[in-house]
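**Student:** I have a structure here, written as structure tokens, and I will follow up with some questions on it.
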Amino acid sequence: MEEVAFFAGAIGALGGAIAVILLRNPFYSVLALVVHLVALAGLFLLLHAEFVAAAQVVVYAGAVMVLYVFVAAYIGGIEEPLWEPIPGQRLLAPLLAGALFVELSIAVLGTALTTIDSEGPTIPLGFGSPSEIGTLFLERFLIAFEVASLLLLVAAIGAIVLAGKRKQEAEAQP
Amino acid sequence: MAIEWYLVLSALLFAVGAGGVLIRRSPLVILLCLELMLNAGNLALIAFSRANGDADGQIFALVVMVVAACEVVVGLGLIVAMFRRRLSLNVDEMRSLRG
């Protein structure tokens, strides 16, 4: 049963990822990324990361993707040129990606870590639950938590400064 | 399922995202491919957290999610600013910062 769920999630995540890079219309790419994220949330559930899976669906597939859809609708369809700045780039890029996959797989499978070819140790009840994550965030990782909130604030202000109308621009086109 | 299956899937998703960054020319799709790569990293972190029986990796994954949200906000702000100044939305033509 777990194998079926894993392969269903893996096929969904991989299919969504490949659809993101192959579809010509950016709007469809965003929708394919939503499929990818939901499938990935299913895999997180299989790994007993319930809170992360819920955050993935709510924050990523919900909020962040809505932002992408708005921007894709705002800028409209972008025509991607067919010329290649580097000759043979469309042939070389998949080869490089394949080489990267082989290298990462060798690095992961060749490690001396003994636990990765098992299902992992028996975990206590409540592993990955909101209460455990909250306790860790507010006790052991308090500084990371505060820095994350500061980073979000800076990013929000930066986006307003970047995308907001300049004064002379606003005067030029009332 | 053994943990190594998740790690190999994560490596595959990362490679797909990296290939997408190399192939596509639209900044919006390149941001989407960056999301793919960050999520592949998240999957590896959570798989290691399960392998160790320790929830620290899940905290890492949540922090990665926060950083990804910031990256999206700034990146989309840049795209909207480029569009508003009628600059070409093609990463190969935005090369005036290059030395």
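Here, A, B, ... name the chains of the structure tokens in the order displayed, residue numbers run from 1 inside each chain, and ligands are numbered from 1 in the same displayed order.
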Which chain B residues have any atom within 6 Å of an atom of chain A, and for each, what is the nearest pair of atoms with distance in Å to one decimal, counting only C-alpha atoms, rows sorted by chain and number, as a Markdown table?
**Tutor:**
```
| residue | atom | partner | partner_atom | distance |
| --- | --- | --- | --- | --- |
| B:Met1 | CA | A:Glu119 | CA | 5.9 |
| B:Ala2 | CA | A:Glu119 | CA | 4.6 |
| B:Ile3 | CA | A:Ile116 | CA | 5.0 |
| B:Glu4 | CA | A:Ile116 | CA | 5.3 |
| B:Val8 | CA | A:Ser105 | CA | 5.9 |
| B:Ala11 | CA | A:Phe101 | CA | 5.8 |
| B:Leu12 | CA | A:Phe101 | CA | 5.7 |
| B:Ala15 | CA | A:Ala97 | CA | 5.0 |
| B:Gly19 | CA | A:Ala97 | CA | 5.0 |
| B:Gly20 | CA | A:Ile21 | CA | 5.1 |
| B:Leu22 | CA | A:Ala93 | CA | 5.7 |
| B:Ile23 | CA | A:Arg90 | CA | 5.9 |
| B:Ala51 | CA | A:Gly120 | CA | 4.3 |
| B:Gly53 | CA | A:Ile123 | CA | 5.7 |
| B:Cys70 | CA | A:Ala155 | CA | 5.4 |
| B:Val74 | CA | A:Ala159 | CA | 5.2 |
| B:Gly77 | CA | A:Ala163 | CA | 5.0 |
| B:Val80 | CA | A:Ala163 | CA | 6.0 |
| B:Ala81 | CA | A:Ala163 | CA | 5.0 |
```
**Student:** Report as an NGL selection string: the residues of chain B with a DSSP assignment of alpha helix (DSSP H), based on the backbone of this structure.
**Tutor:** :B and (3-23 or 27-52 or 56-84)
**Student:** Closest to Phe83 (chain B) among A:Pro87, A:Gly42, A:Gly9, A:Gly76, using only C-alpha atoms?
**Tutor:**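 Residue with the minimum atom-to-atom distance to Phe83 (chain B): A:Gly76.
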**Student:** For each of B:Val73, B:Ala55, B:Met82, B:Ala68, take the minimum atom-to-atom distance to Ser131 (chain A), counting only C-alpha atoms, then give the residue where this is smallest.
**Tutor:**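 Nearest to Ser131 (chain A): B:Ala55.
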**Student:** Determine the nearest neighbour of Met37 (chain B) from the options B:Ala18, B:Leu9, B:Leu87, B:Met65, counting only C-alpha atoms.
**Tutor:**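 Using only C-alpha atoms, the shortest distance to Met37 (chain B) belongs to B:Ala18.
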**Student:** Would you mind reading off the distance between CA of Ile59 (chain B) and CA of Asn42 (chain B), one decimal, in Å?
**Tutor:**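 According to the coordinates, CA of Ile59 (chain B) and CA of Asn42 (chain B) are separated by 10.2 Å.
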